[in-house]
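First up is the structure itself, then whatever we jot down about it.
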Amino acid sequence: MLSEPRSGRLAAWGNALLAGLVSPDDAVLAMVGEDAVHRVEGLPGESGPVGLTLAMGRLRSLGVTGLRVALPAPGHPLGLSGPPEFNARALEAEEAVVGFGAPYGLVPEVYEAGPDGDVHVEVVWHCLPVREAPPADVPSLGEAERELAEALREATQVLSRLDVAGSGPVAEAALDAYRARAERGRELLAPGYPPRAVRVLELAQRVGLLISLAYENGHGGAVSASEMAARVQALRPVERTARRAQVAAFNSYVEERERGGH
């Protein structure tokens with residue numbers, strides 16, 4: 001929830017690449033992030049896995065003009081449009097990229113390789129057919145911003161009522177990590193995104209930080225099983241709002257283009 005999902009990086013920088021706003025090298029560097037390598041398999045016209053640069057070119061030639069993000073959870077097919085096979089793979093991965101302009105989507109499969117102490121991450125994106133339909137339950141940026149502001153208030157009240165400590169070394173370390181991420185936040189969305197999308201994504205990650213602290217922080221009053229269950233139940237709608245807002249931010253580039261903004 002805190003660090004941007006791989007699908008978000010791929011969609012954001014893929015959109016910038018498709019629009020000619022960044023070079024292929026810069027886009028791929030941002031997409032891969034701290035992973036070792038990303039490949040795409042199952043692309044029409046390709047017999048095996050290919051690198052991201054070739055994959056983006058192939059998707060463009062197939063008619064893909066933009067990329068959306070899906071961050072589904074059980075009972076919440078957020079950002080998905082079908083068919084069931086794609087939705088099931090995306091739900092298992094908890095994320096996916098959905099093409100706009102042509103019916104193709106990408107679902108990541110993550111592998112860890114290497115000896116202890118020198119483990120590196122490799123990602124294979126599986127290209128699958130998707131249904132061309134509006135994505136499920138994705139709010140507009142304006143709606144997401146309003147919902148997030150309310151969610152932030154609710155999360156703060158819930159944590160205060162449950163006496164979840166907001167201090168101590170664990171919380172401080174998490175806050176430091178968040179601040180470092182927030183400073184890099186303006187790079188998350190790549191060129192071409194509206195400033196409001198950056199604001200919404202940063203706020204969604206702040207809400208995500210509060211939720212993570214609530215789940216992970218062992219201090220405070222909510223220590224019994226029943227109190228922990230109450231904590232989870234109280235924060236679940238807040239977590240859902242933050243995920244919806246993340247998707248709204250990543251998808252805003254395509255939504256603006258649909259409205260004639262690009």
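For the structure tokens, the naming scheme is as follows: chains receive sequential letters (A, B, ...) according to their order of presentation, residues are indexed from 1 within each chain, and ligands are indexed from 1 in presentation order.
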
- Message: What parts of segment 32-169 of chain A does DSSP call strand (DSSP E)? I'd like the answer as a VMD selection string.
- Response: chain A and resid 37 to 41 50 to 51 66 to 70 96 to 100 104 to 113 120 to 129

Cut-off 8 Å: closest segment 82-106 of chain A/segment 132-146 of chain A atom pairs per residue, using only C-alpha atoms, as a tab-separated table:
```
residue	atom	partner	partner_atom	distance
A:Phe100	CA	A:Glu132	CA	7.8
A:Ala102	CA	A:Glu132	CA	7.6
A:Pro103	CA	A:Glu132	CA	5.8
```

Output for the residues just chosen: N, CA, C and O atoms as an mmCIF file, in the first residue's frame:
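selection-v7.cif written:
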```
data_model
loop_
_atom_site.group_PDB
_atom_site.id
_atom_site.type_symbol
_atom_site.label_atom_id
_atom_site.label_comp_id
_atom_site.auth_asym_id
_atom_site.auth_seq_id
_atom_site.Cartn_x
_atom_site.Cartn_y
_atom_site.Cartn_z
ATOM 1 N N PHE A 100 -5.679 0.451 -22.935
ATOM 2 C CA PHE A 100 -6.764 1.262 -23.480
ATOM 3 C C PHE A 100 -6.502 1.442 -24.964
ATOM 4 O O PHE A 100 -5.381 1.760 -25.371
ATOM 5 N N ALA A 102 -6.864 -1.044 -27.194
ATOM 6 C CA ALA A 102 -6.826 -2.418 -27.700
ATOM 7 C C ALA A 102 -6.981 -3.359 -26.506
ATOM 8 O O ALA A 102 -6.520 -3.046 -25.413
ATOM 9 N N PRO A 103 -7.621 -4.535 -26.690
ATOM 10 C CA PRO A 103 -8.025 -5.374 -25.557
ATOM 11 C C PRO A 103 -6.922 -6.280 -25.013
ATOM 12 O O PRO A 103 -7.016 -7.511 -25.081
#
```

- Kindly give the distance, in Å, that separates atom CA of Glu95 of chain A and atom CA of Ala70 of chain A, rounded to a single decimal.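 One can read the atom CA of Glu95 of chain A to atom CA of Ala70 of chain A distance as 5.4 Å.
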
- Task: Tell me, as a ChimeraX atom specification, which residues lie within 7 Å of Glu122 of chain A, counting only C-alpha atoms; anything in the same chain fewer than 2 positions away does not count.
- Result: /A:35-38,110-112,120,124

Put those residues in a file: N, CA, C and O atoms, as a PDB file, in the first residue's frame.
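Final output, saved to out.pdb:
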```pdb
ATOM      1  N   ASP A  35      13.891  -3.661  -9.052  1.00  0.00           N
ATOM      2  CA  ASP A  35      13.924  -5.058  -9.488  1.00  0.00           C
ATOM      3  C   ASP A  35      15.117  -5.274 -10.423  1.00  0.00           C
ATOM      4  O   ASP A  35      15.698  -4.328 -10.950  1.00  0.00           O
ATOM      5  N   ALA A  36      15.453  -6.535 -10.656  1.00  0.00           N
ATOM      6  CA  ALA A  36      16.581  -6.859 -11.532  1.00  0.00           C
ATOM      7  C   ALA A  36      16.193  -6.745 -13.000  1.00  0.00           C
ATOM      8  O   ALA A  36      16.895  -6.124 -13.798  1.00  0.00           O
ATOM      9  N   VAL A  37      15.063  -7.344 -13.350  1.00  0.00           N
ATOM     10  CA  VAL A  37      14.672  -7.350 -14.764  1.00  0.00           C
ATOM     11  C   VAL A  37      13.169  -7.595 -14.877  1.00  0.00           C
ATOM     12  O   VAL A  37      12.575  -8.274 -14.036  1.00  0.00           O
ATOM     13  N   HIS A  38      12.559  -6.999 -15.890  1.00  0.00           N
ATOM     14  CA  HIS A  38      11.153  -7.261 -16.213  1.00  0.00           C
ATOM     15  C   HIS A  38      11.079  -7.773 -17.649  1.00  0.00           C
ATOM     16  O   HIS A  38      11.763  -7.249 -18.542  1.00  0.00           O
ATOM     17  N   VAL A 110       5.993 -12.477  -9.871  1.00  0.00           N
ATOM     18  CA  VAL A 110       7.247 -12.028  -9.263  1.00  0.00           C
ATOM     19  C   VAL A 110       8.055 -13.226  -8.775  1.00  0.00           C
ATOM     20  O   VAL A 110       7.527 -14.112  -8.090  1.00  0.00           O
ATOM     21  N   TYR A 111       9.335 -13.239  -9.140  1.00  0.00           N
ATOM     22  CA  TYR A 111      10.237 -14.324  -8.726  1.00  0.00           C
ATOM     23  C   TYR A 111      11.405 -13.730  -7.946  1.00  0.00           C
ATOM     24  O   TYR A 111      11.903 -12.653  -8.277  1.00  0.00           O
ATOM     25  N   GLU A 112      11.837 -14.448  -6.933  1.00  0.00           N
ATOM     26  CA  GLU A 112      13.070 -14.072  -6.224  1.00  0.00           C
ATOM     27  C   GLU A 112      14.140 -15.092  -6.547  1.00  0.00           C
ATOM     28  O   GLU A 112      13.884 -16.296  -6.553  1.00  0.00           O
ATOM     29  N   HIS A 120      17.737 -11.137  -5.742  1.00  0.00           N
ATOM     30  CA  HIS A 120      17.224 -10.134  -6.669  1.00  0.00           C
ATOM     31  C   HIS A 120      15.851 -10.572  -7.178  1.00  0.00           C
ATOM     32  O   HIS A 120      15.496 -11.754  -7.125  1.00  0.00           O
ATOM     33  N   VAL A 124       7.871 -11.278 -14.478  1.00  0.00           N
ATOM     34  CA  VAL A 124       7.334 -11.630 -15.795  1.00  0.00           C
ATOM     35  C   VAL A 124       5.898 -11.113 -15.855  1.00  0.00           C
ATOM     36  O   VAL A 124       5.061 -11.449 -15.016  1.00  0.00           O
TER      37      VAL A 124
END
```
